[in-house]
Amino acid sequence: MLELSRFYGIIIRMYMEPDMPHHRPHFHAYYQNDTAVYGIDPIEILGGELPVSQKRLVEAWAELHQDELKENWKRLQAGQYPHKNSSITLKEVKNETCHLSSH
């Protein structure tokens, strides 16, 4: 499993399994002893669990990097290495959280 990003103690990873049928595009988020799997389009939790604050951070980060996540999914399924996604900043989290809560 390859690491795409790391922020606020959260690690984001994807599996590289070329020529293996994988279900829908997704990534794995790890925080201490908790793990969750998130769909990429739409961004939603598919399994597992994270503490509420970390769940919000992962969702905000994924919204900001959704296009990169889609591209990395395609690259990994083709047997190519992903581009490492940038880490989220506190400013990005605040902006995205305000955006998400206004819907």
# chains A, B, ... in the order shown; residues from 1 in each chain; ligands from 1
$ residues_around --residues "Gly48 in chain A" --least-positions-apart "3" --cutoff "7 Å" --atoms "only C-alpha atoms" --output "ChimeraX atom specification"
/A:35-37
$ residues_around --residues "Asp34 in chain A" --least-positions-apart "2" --cutoff "12 Å" --atoms "only C-alpha atoms" --output "list of chain:residue names"
A:Gly9, A:Ile10, A:Ile11, A:His28, A:Ala29, A:Tyr30, A:Tyr31, A:Gln32, A:Ala36, A:Val37, A:Gly47, A:Gly48, A:Glu49, A:Leu50, A:Pro51, A:Val52, A:Gln54, A:Lys55
$ write_last_selection --atoms "C-alpha atoms" --output "PDB file, in the first residue's frame"
ATOM      1  CA  GLY A   9      -1.499  12.310  12.422  1.00  0.00           C
ATOM      2  CA  ILE A  10      -3.661  10.904   9.595  1.00  0.00           C
ATOM      3  CA  ILE A  11      -2.122   8.745   6.870  1.00  0.00           C
ATOM      4  CA  HIS A  28      -7.709   4.168   3.147  1.00  0.00           C
ATOM      5  CA  ALA A  29      -7.324   6.612   6.043  1.00  0.00           C
ATOM      6  CA  TYR A  30      -5.434   5.668   9.225  1.00  0.00           C
ATOM      7  CA  TYR A  31      -5.368   7.494  12.520  1.00  0.00           C
ATOM      8  CA  GLN A  32      -3.752   5.824  15.529  1.00  0.00           C
ATOM      9  CA  ALA A  36     -11.628   3.923   7.456  1.00  0.00           C
ATOM     10  CA  VAL A  37     -12.123   3.361   3.741  1.00  0.00           C
ATOM     11  CA  GLY A  47     -16.281   1.120   5.974  1.00  0.00           C
ATOM     12  CA  GLY A  48     -14.432   1.454   9.211  1.00  0.00           C
ATOM     13  CA  GLU A  49     -14.462   4.396  11.536  1.00  0.00           C
ATOM     14  CA  LEU A  50     -12.408   7.423  12.560  1.00  0.00           C
ATOM     15  CA  PRO A  51     -12.909   9.840  15.449  1.00  0.00           C
ATOM     16  CA  VAL A  52     -15.249  12.695  14.442  1.00  0.00           C
ATOM     17  CA  GLN A  54     -10.296  13.160  11.979  1.00  0.00           C
ATOM     18  CA  LYS A  55     -13.281  12.074   9.874  1.00  0.00           C
TER      19      LYS A  55
END
$ closest_residue --among "A:Ile45, A:Phe27, A:Tyr38, A:Ser53" --to "Trp73 in chain A" --atoms "only C-alpha atoms"
A:Phe27
$ closest_residue --among "A:Pro82, A:Ile40, A:Tyr15, A:Arg6" --to "Glu59 in chain A" --atoms "only C-alpha atoms"
A:Ile40
